[in-house]
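Okay, input27.tsv is below, TSV, C-alpha atoms and all ligand atoms:
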```
chain	number	residue	atom	x	y	z
A	1	MET	CA	84.65	11.43	29.87
A	2	GLU	CA	83.83	13.31	33.08
A	3	ILE	CA	80.29	14.52	33.59
A	4	GLN	CA	78.87	17.22	35.83
A	5	ILE	CA	75.58	16.74	37.68
A	6	LEU	CA	74.47	19.79	39.65
A	7	ASP	CA	77.49	20.75	41.83
A	8	LYS	CA	79.43	17.45	41.53
A	9	VAL	CA	81.78	15.89	38.96
A	10	PHE	CA	81.62	12.15	38.17
A	11	VAL	CA	83.98	9.88	36.22
A	12	PRO	CA	83.05	6.79	34.14
A	13	TYR	CA	83.17	3.68	36.32
A	14	ILE	CA	81.16	0.69	34.94
A	15	SER	CA	80.13	0.60	31.29
A	16	GLU	CA	76.77	-0.29	29.80
A	17	GLU	CA	78.33	-3.43	28.25
A	18	GLU	CA	79.77	-4.61	31.59
A	19	ILE	CA	76.39	-4.14	33.28
A	20	GLN	CA	74.50	-6.06	30.58
A	21	ALA	CA	77.05	-8.90	30.54
A	22	ARG	CA	76.78	-9.28	34.32
A	23	LEU	CA	72.96	-9.17	34.23
A	24	LYS	CA	72.90	-12.07	31.75
A	25	ILE	CA	74.98	-14.18	34.13
A	26	VAL	CA	72.87	-13.27	37.19
A	27	ALA	CA	69.64	-14.01	35.25
A	28	SER	CA	70.87	-17.47	34.32
A	29	GLU	CA	71.87	-18.21	37.94
A	30	MET	CA	68.38	-17.12	39.04
A	31	MET	CA	66.71	-19.25	36.34
A	32	HIS	CA	68.58	-22.29	37.63
A	33	ASP	CA	67.80	-21.58	41.32
A	34	LEU	CA	64.12	-20.69	40.85
A	35	GLU	CA	63.09	-23.27	38.27
A	36	GLY	CA	59.67	-24.78	39.12
A	37	GLU	CA	59.09	-22.31	41.99
A	38	ASN	CA	56.13	-19.99	42.23
A	39	HIS	CA	57.99	-16.69	42.48
A	40	VAL	CA	57.59	-12.94	42.24
A	41	PHE	CA	60.25	-10.30	41.59
A	42	ILE	CA	59.78	-7.10	43.58
A	43	GLY	CA	61.69	-4.07	42.33
A	44	VAL	CA	62.39	-1.31	44.83
A	45	LEU	CA	61.54	2.05	43.28
A	46	ASN	CA	62.79	4.42	42.19
A	47	GLY	CA	66.34	3.18	41.72
A	48	SER	CA	65.61	-0.37	40.50
A	49	PHE	CA	63.45	0.52	37.49
A	50	MET	CA	66.30	0.07	35.01
A	51	VAL	CA	67.95	-3.01	36.48
A	52	LEU	CA	64.68	-4.92	36.88
A	53	SER	CA	63.62	-4.02	33.35
A	54	ASP	CA	66.90	-5.22	31.79
A	55	LEU	CA	67.27	-8.26	34.08
A	56	MET	CA	63.78	-9.50	33.17
A	57	LYS	CA	64.61	-9.40	29.45
A	58	TYR	CA	67.22	-12.11	30.13
A	59	TYR	CA	65.03	-14.06	32.59
A	60	LYS	CA	62.94	-16.76	30.88
A	61	ASN	CA	61.15	-18.68	33.69
A	62	PRO	CA	57.45	-17.93	34.29
A	63	CYS	CA	57.23	-15.33	37.07
A	64	GLU	CA	55.37	-12.32	38.43
A	65	ILE	CA	56.84	-8.81	38.62
A	66	SER	CA	55.83	-5.92	40.84
A	67	PHE	CA	57.29	-2.93	42.68
A	68	VAL	CA	57.34	-1.23	46.05
A	69	LYS	CA	58.64	2.28	46.58
A	70	MET	CA	61.03	3.12	49.41
A	71	ALA	CA	63.24	6.16	49.98
A	72	SER	CA	66.01	7.06	52.40
A	73	TYR	CA	68.62	9.12	50.53
A	74	GLU	CA	68.80	12.91	50.30
A	75	GLY	CA	71.63	14.16	48.05
A	76	THR	CA	74.59	11.82	48.67
A	77	GLN	CA	73.70	10.96	52.30
A	78	SER	CA	71.53	8.26	53.89
A	79	THR	CA	68.94	9.80	56.24
A	80	ASN	CA	68.88	6.53	58.25
A	81	GLU	CA	65.10	6.68	58.02
A	82	VAL	CA	63.50	4.48	55.36
A	83	LYS	CA	59.99	5.42	54.30
A	84	GLN	CA	57.58	3.20	52.37
A	85	LEU	CA	55.94	5.39	49.73
A	86	ILE	CA	54.08	2.78	47.63
A	87	GLY	CA	53.01	-0.54	49.16
A	88	LEU	CA	52.76	-4.07	47.89
A	89	ASP	CA	49.95	-4.83	45.43
A	90	VAL	CA	50.51	-8.56	44.77
A	91	ASP	CA	49.55	-11.63	46.78
A	92	VAL	CA	52.86	-13.10	47.94
A	93	THR	CA	51.36	-15.96	49.97
A	94	ASN	CA	53.28	-19.22	49.46
A	95	LYS	CA	55.53	-17.60	46.86
A	96	THR	CA	59.27	-17.06	46.80
A	97	VAL	CA	59.88	-13.32	46.81
A	98	VAL	CA	62.98	-11.97	45.06
A	99	ILE	CA	63.70	-8.38	46.07
A	100	VAL	CA	65.61	-6.54	43.34
A	101	GLU	CA	67.63	-3.48	44.37
A	102	ASP	CA	69.88	-1.22	42.35
A	103	ILE	CA	72.22	-0.86	45.33
A	104	VAL	CA	72.61	-2.18	48.87
A	105	ASP	CA	74.77	0.39	50.67
A	106	THR	CA	74.32	0.73	54.47
A	107	GLY	CA	71.63	-1.96	54.34
A	108	ASN	CA	68.98	0.22	56.03
A	109	THR	CA	66.51	-0.14	53.16
A	110	ILE	CA	66.95	-3.88	52.75
A	111	GLU	CA	66.49	-4.40	56.49
A	112	VAL	CA	63.11	-2.64	56.39
A	113	LEU	CA	62.11	-4.66	53.31
A	114	VAL	CA	63.02	-7.97	54.96
A	115	GLN	CA	60.92	-7.00	58.00
A	116	LEU	CA	58.06	-6.09	55.67
A	117	PHE	CA	58.09	-9.37	53.74
A	118	ASN	CA	58.51	-11.49	56.85
A	119	ARG	CA	55.05	-10.31	57.93
A	120	TYR	CA	53.55	-12.32	55.04
A	121	LYS	CA	53.29	-16.13	54.72
A	122	ILE	CA	55.90	-16.32	51.96
A	123	LYS	CA	57.68	-19.51	50.93
A	124	GLY	CA	61.11	-17.89	50.84
A	125	LEU	CA	62.94	-14.62	50.39
A	126	LYS	CA	65.92	-13.86	48.16
A	127	ILE	CA	67.74	-10.58	47.74
A	128	ALA	CA	69.34	-9.44	44.49
A	129	THR	CA	71.27	-6.22	44.05
A	130	LEU	CA	73.21	-4.89	41.10
A	131	PHE	CA	75.67	-2.97	43.30
A	132	HIS	CA	76.86	-3.58	46.85
A	133	LYS	CA	79.24	-1.57	49.05
A	134	PRO	CA	80.63	-4.14	51.53
A	135	GLU	CA	82.61	-1.46	53.45
A	136	ALA	CA	79.45	0.54	54.15
A	137	TYR	CA	77.19	-2.43	54.90
A	138	LYS	CA	76.12	-2.56	58.56
A	139	LYS	CA	73.73	-5.53	58.53
A	140	GLU	CA	73.95	-9.33	58.82
A	141	ILE	CA	71.33	-10.02	56.12
A	142	LYS	CA	72.71	-12.31	53.41
A	143	LEU	CA	72.56	-11.02	49.84
A	144	ASP	CA	71.82	-13.87	47.41
A	145	TYR	CA	72.77	-12.21	44.11
A	146	ILE	CA	75.30	-9.39	43.79
A	147	GLY	CA	76.14	-7.85	40.42
A	148	PHE	CA	79.21	-5.84	41.45
A	149	ASN	CA	80.92	-5.28	44.81
A	150	ILE	CA	82.13	-1.68	44.75
A	151	PRO	CA	84.07	0.66	47.09
A	152	ASP	CA	82.31	3.05	49.44
A	153	LYS	CA	82.13	5.92	46.96
A	154	PHE	CA	78.96	7.57	45.69
A	155	ILE	CA	77.84	6.43	42.22
A	156	VAL	CA	75.22	7.66	39.79
A	157	GLY	CA	73.50	6.34	36.64
A	158	TYR	CA	71.55	3.26	35.57
A	159	GLY	CA	68.65	4.16	37.88
A	160	LEU	CA	70.76	5.67	40.66
A	161	ASP	CA	70.43	9.40	41.23
A	162	TYR	CA	72.31	12.31	42.69
A	163	ASP	CA	69.65	14.66	44.03
A	164	LYS	CA	67.07	13.19	41.59
A	165	GLN	CA	69.34	13.65	38.55
A	166	GLY	CA	71.31	11.10	36.53
A	167	ARG	CA	68.99	8.07	36.70
A	168	ASN	CA	68.71	7.97	32.89
A	169	LEU	CA	72.45	7.42	32.29
A	170	PRO	CA	72.92	3.92	30.78
A	171	ALA	CA	76.29	3.43	32.55
A	172	ILE	CA	77.68	4.02	36.06
A	173	TYR	CA	79.73	7.05	37.06
A	174	GLN	CA	81.68	7.44	40.32
A	175	ILE	CA	82.06	10.68	42.26
A	176	LYS	CA	85.43	12.34	41.60
A	201	LIG	O1	71.42	0.41	51.73
A	201	LIG	P1	70.91	1.81	51.84
A	201	LIG	O2	71.93	2.73	52.52
A	201	LIG	O3	69.56	1.89	52.48
A	201	LIG	O4	70.82	2.42	50.37
A	201	LIG	C1	70.19	1.74	49.32
A	201	LIG	C2	68.92	2.41	48.91
A	201	LIG	O5	69.18	3.78	48.58
A	201	LIG	C3	68.64	4.08	47.31
A	201	LIG	O6	67.31	4.47	47.39
A	201	LIG	P2	66.86	5.96	47.80
A	201	LIG	O7	66.43	5.96	49.23
A	201	LIG	O8	67.90	6.95	47.40
A	201	LIG	O9	65.55	6.13	46.92
A	201	LIG	P3	65.44	6.03	45.32
A	201	LIG	O10	65.50	4.56	44.96
A	201	LIG	O11	64.13	6.62	45.00
A	201	LIG	O12	66.62	6.78	44.73
A	201	LIG	C4	68.72	2.75	46.57
A	201	LIG	O13	67.81	2.69	45.49
A	201	LIG	C5	68.41	1.74	47.65
A	201	LIG	O14	67.02	1.47	47.76
A	202	LIG	O1	76.11	5.46	45.83
A	202	LIG	C1	74.89	5.72	45.72
A	202	LIG	N1	74.40	6.45	44.67
A	202	LIG	C2	73.09	6.76	44.51
A	202	LIG	N2	72.15	6.36	45.37
A	202	LIG	C3	72.55	5.60	46.43
A	202	LIG	N3	71.80	5.06	47.40
A	202	LIG	C4	72.64	4.42	48.20
A	202	LIG	N4	73.92	4.53	47.78
A	202	LIG	C5	73.89	5.26	46.63
```
Could you express the structure from this file as structure tokens?
Amino acid sequence: MEIQILDKVFVPYISEEEIQARLKIVASEMMHDLEGENHVFIGVLNGSFMVLSDLMKYYKNPCEISFVKMASYEGTQSTNEVKQLIGLDVDVTNKTVVIVEDIVDTGNTIEVLVQLFNRYKIKGLKIATLFHKPEAYKKEIKLDYIGFNIPDKFIVGYGLDYDKQGRNLPAIYQIK
């Protein structure tokens, strides 16, 4: 069923069940790769609050979890300027850092995050994202875990907003 958020109409795109099934698979891949490693998951607020919460319910290795807050989008457009609004509050020294994003679109945000974490003496850096738009991606940075590759169309739900609305939807909707 179509939904309206502010001035835009969205159509159902990826269901709650499809998201949860994919998260279980990604969590088990991560558990295999990170076994025995001292590691910390870093969610990128606001968008990643839902994916990190659900992903961690399926993730059984001992680990730390924290968040940073970055923002670059206004409405449906990237501003090309990524601001850090809440900084890092965990010691990442000698740990493997796993950045968890809801979406990697142009790659502007992830580029700033990689620069940020490379300033610390970390053991390694991995990037996980639930959604990725390969056609919009402008960077060379490798993404280690991708939930869904999607076309270059604006989506909303499951943490992702349109003008601050729609983050609470449990499924993903695509702009009509
Ligand atoms: O690859 P990019 O083009 O940089 O887009 C991806 C970023 O955009 C969104 O964040 P946004 O800046 O909208 O902030 P939010 O998480 O608070 O919604 C999303 O959560 C990613 O962090
Ligand atoms: O498609 C999108 N939807 C919501 N937020 C976003 N941030 C980057 N791309 C998107």
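Atom CA of A:Val68 to atom CA of A:Leu88 spans 5.7 Å [interatomic distance, one decimal].
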- Query: Which one of A:Thr79, A:Gln165, A:Asn46, A:Ser53 sits closest to ligand LIG 201 (chain A) if you count all atoms listed in the file?
  - Reply: A:Asn46
- With only C-alpha atoms and all ligand atoms counted, collect every polymer residue having an atom within 6 Å of ligand LIG 202 (chain A); state the result as a PyMOL selection string. chain A and resi 105+154-156+160-162
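Closest approach to ligand LIG 201 (chain A) among A:Glu135, A:Glu140, A:Asp91, A:Glu74 is made by A:Glu74 (distances from all atoms listed in the file).
Considering all atoms listed in the file, the residue among A:Asn38, A:Thr106, A:Asn94, A:Asn168 positioned nearest to ligand LIG 201 (chain A) is A:Thr106.
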- Task: May I ask you to write as number ranges by chain all residues lying at most 9 Å from ligand LIG 201 (chain A), with only C-alpha atoms and all ligand atoms counted?
- Result: A: 44-49, 69-83, 101-112, 132-133, 136-138, 159-164, 167
Export of the given selection (C-alpha atoms) as a tab-separated table (two decimals), keeping the file's coordinate frame:
```tsv
chain	number	residue	atom	x	y	z
A	44	VAL	CA	62.39	-1.31	44.83
A	45	LEU	CA	61.54	2.05	43.28
A	46	ASN	CA	62.79	4.42	42.19
A	47	GLY	CA	66.34	3.18	41.72
A	48	SER	CA	65.61	-0.37	40.50
A	49	PHE	CA	63.45	0.52	37.49
A	69	LYS	CA	58.64	2.28	46.58
A	70	MET	CA	61.03	3.12	49.41
A	71	ALA	CA	63.24	6.16	49.98
A	72	SER	CA	66.01	7.06	52.40
A	73	TYR	CA	68.62	9.12	50.53
A	74	GLU	CA	68.80	12.91	50.30
A	75	GLY	CA	71.63	14.16	48.05
A	76	THR	CA	74.59	11.82	48.67
A	77	GLN	CA	73.70	10.96	52.30
A	78	SER	CA	71.53	8.26	53.89
A	79	THR	CA	68.94	9.80	56.24
A	80	ASN	CA	68.88	6.53	58.25
A	81	GLU	CA	65.10	6.68	58.02
A	82	VAL	CA	63.50	4.48	55.36
A	83	LYS	CA	59.99	5.42	54.30
A	101	GLU	CA	67.63	-3.48	44.37
A	102	ASP	CA	69.88	-1.22	42.35
A	103	ILE	CA	72.22	-0.86	45.33
A	104	VAL	CA	72.61	-2.18	48.87
A	105	ASP	CA	74.77	0.39	50.67
A	106	THR	CA	74.32	0.73	54.47
A	107	GLY	CA	71.63	-1.96	54.34
A	108	ASN	CA	68.98	0.22	56.03
A	109	THR	CA	66.51	-0.14	53.16
A	110	ILE	CA	66.95	-3.88	52.75
A	111	GLU	CA	66.49	-4.40	56.49
A	112	VAL	CA	63.11	-2.64	56.39
A	132	HIS	CA	76.86	-3.58	46.85
A	133	LYS	CA	79.24	-1.57	49.05
A	136	ALA	CA	79.45	0.54	54.15
A	137	TYR	CA	77.19	-2.43	54.90
A	138	LYS	CA	76.12	-2.56	58.56
A	159	GLY	CA	68.65	4.16	37.88
A	160	LEU	CA	70.76	5.67	40.66
A	161	ASP	CA	70.43	9.40	41.23
A	162	TYR	CA	72.31	12.31	42.69
A	163	ASP	CA	69.65	14.66	44.03
A	164	LYS	CA	67.07	13.19	41.59
A	167	ARG	CA	68.99	8.07	36.70
```
For stretch 3-34 of chain A, supply N, CA and C atoms and format the output as an mmCIF file, in the frame of the given file.
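Here's the written file rebuild-v5.cif:
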```
data_model
loop_
_atom_site.group_PDB
_atom_site.id
_atom_site.type_symbol
_atom_site.label_atom_id
_atom_site.label_comp_id
_atom_site.auth_asym_id
_atom_site.auth_seq_id
_atom_site.Cartn_x
_atom_site.Cartn_y
_atom_site.Cartn_z
ATOM 1 N N ILE A 3 81.567 13.829 33.753
ATOM 2 C CA ILE A 3 80.290 14.520 33.590
ATOM 3 C C ILE A 3 80.026 15.350 34.855
ATOM 4 N N GLN A 4 79.245 16.383 34.682
ATOM 5 C CA GLN A 4 78.870 17.220 35.830
ATOM 6 C C GLN A 4 77.368 17.052 36.063
ATOM 7 N N ILE A 5 76.997 16.759 37.315
ATOM 8 C CA ILE A 5 75.580 16.740 37.680
ATOM 9 C C ILE A 5 75.418 17.699 38.861
ATOM 10 N N LEU A 6 74.635 18.726 38.656
ATOM 11 C CA LEU A 6 74.470 19.790 39.650
ATOM 12 C C LEU A 6 75.852 20.295 40.065
ATOM 13 N N ASP A 7 76.209 20.190 41.362
ATOM 14 C CA ASP A 7 77.490 20.750 41.830
ATOM 15 C C ASP A 7 78.628 19.734 41.861
ATOM 16 N N LYS A 8 78.406 18.494 41.366
ATOM 17 C CA LYS A 8 79.430 17.450 41.530
ATOM 18 C C LYS A 8 79.910 16.911 40.169
ATOM 19 N N VAL A 9 81.176 16.459 40.175
ATOM 20 C CA VAL A 9 81.780 15.890 38.960
ATOM 21 C C VAL A 9 81.907 14.370 39.174
ATOM 22 N N PHE A 10 81.574 13.618 38.126
ATOM 23 C CA PHE A 10 81.620 12.150 38.170
ATOM 24 C C PHE A 10 82.482 11.628 37.020
ATOM 25 N N VAL A 11 83.149 10.487 37.271
ATOM 26 C CA VAL A 11 83.980 9.880 36.220
ATOM 27 C C VAL A 11 83.405 8.511 35.837
ATOM 28 N N PRO A 12 83.596 8.089 34.575
ATOM 29 C CA PRO A 12 83.050 6.790 34.140
ATOM 30 C C PRO A 12 83.594 5.666 35.030
ATOM 31 N N TYR A 13 82.734 4.731 35.398
ATOM 32 C CA TYR A 13 83.170 3.680 36.320
ATOM 33 C C TYR A 13 82.819 2.271 35.807
ATOM 34 N N ILE A 14 81.545 2.015 35.469
ATOM 35 C CA ILE A 14 81.160 0.690 34.940
ATOM 36 C C ILE A 14 80.332 0.931 33.674
ATOM 37 N N SER A 15 80.763 0.303 32.583
ATOM 38 C CA SER A 15 80.130 0.600 31.290
ATOM 39 C C SER A 15 78.800 -0.146 31.147
ATOM 40 N N GLU A 16 78.041 0.334 30.162
ATOM 41 C CA GLU A 16 76.770 -0.290 29.800
ATOM 42 C C GLU A 16 76.993 -1.773 29.457
ATOM 43 N N GLU A 17 78.051 -2.047 28.696
ATOM 44 C CA GLU A 17 78.330 -3.430 28.250
ATOM 45 C C GLU A 17 78.644 -4.325 29.446
ATOM 46 N N GLU A 18 79.432 -3.812 30.388
ATOM 47 C CA GLU A 18 79.770 -4.610 31.590
ATOM 48 C C GLU A 18 78.505 -4.905 32.406
ATOM 49 N N ILE A 19 77.628 -3.930 32.512
ATOM 50 C CA ILE A 19 76.390 -4.140 33.280
ATOM 51 C C ILE A 19 75.548 -5.230 32.602
ATOM 52 N N GLN A 20 75.364 -5.101 31.289
ATOM 53 C CA GLN A 20 74.500 -6.060 30.580
ATOM 54 C C GLN A 20 75.092 -7.463 30.630
ATOM 55 N N ALA A 21 76.408 -7.582 30.492
ATOM 56 C CA ALA A 21 77.050 -8.900 30.540
ATOM 57 C C ALA A 21 76.835 -9.543 31.913
ATOM 58 N N ARG A 22 76.949 -8.747 32.957
ATOM 59 C CA ARG A 22 76.780 -9.280 34.320
ATOM 60 C C ARG A 22 75.310 -9.664 34.562
ATOM 61 N N LEU A 23 74.386 -8.866 34.040
ATOM 62 C CA LEU A 23 72.960 -9.170 34.230
ATOM 63 C C LEU A 23 72.589 -10.503 33.586
ATOM 64 N N LYS A 24 73.180 -10.787 32.430
ATOM 65 C CA LYS A 24 72.900 -12.070 31.750
ATOM 66 C C LYS A 24 73.325 -13.230 32.637
ATOM 67 N N ILE A 25 74.475 -13.099 33.265
ATOM 68 C CA ILE A 25 74.980 -14.180 34.130
ATOM 69 C C ILE A 25 74.084 -14.334 35.363
ATOM 70 N N VAL A 26 73.726 -13.207 35.985
ATOM 71 C CA VAL A 26 72.870 -13.270 37.190
ATOM 72 C C VAL A 26 71.509 -13.868 36.826
ATOM 73 N N ALA A 27 70.952 -13.471 35.666
ATOM 74 C CA ALA A 27 69.640 -14.010 35.250
ATOM 75 C C ALA A 27 69.724 -15.519 35.076
ATOM 76 N N SER A 28 70.813 -16.018 34.519
ATOM 77 C CA SER A 28 70.870 -17.470 34.320
ATOM 78 C C SER A 28 71.063 -18.203 35.655
ATOM 79 N N GLU A 29 71.775 -17.611 36.592
ATOM 80 C CA GLU A 29 71.870 -18.210 37.940
ATOM 81 C C GLU A 29 70.482 -18.266 38.590
ATOM 82 N N MET A 30 69.736 -17.183 38.454
ATOM 83 C CA MET A 30 68.380 -17.120 39.040
ATOM 84 C C MET A 30 67.466 -18.157 38.381
ATOM 85 N N MET A 31 67.564 -18.299 37.058
ATOM 86 C CA MET A 31 66.710 -19.250 36.340
ATOM 87 C C MET A 31 66.967 -20.667 36.839
ATOM 88 N N HIS A 32 68.213 -20.973 37.105
ATOM 89 C CA HIS A 32 68.580 -22.290 37.630
ATOM 90 C C HIS A 32 68.020 -22.465 39.046
ATOM 91 N N ASP A 33 68.211 -21.466 39.910
ATOM 92 C CA ASP A 33 67.800 -21.580 41.320
ATOM 93 C C ASP A 33 66.284 -21.599 41.491
ATOM 94 N N LEU A 34 65.561 -20.893 40.626
ATOM 95 C CA LEU A 34 64.120 -20.690 40.850
ATOM 96 C C LEU A 34 63.242 -21.538 39.946
#
```
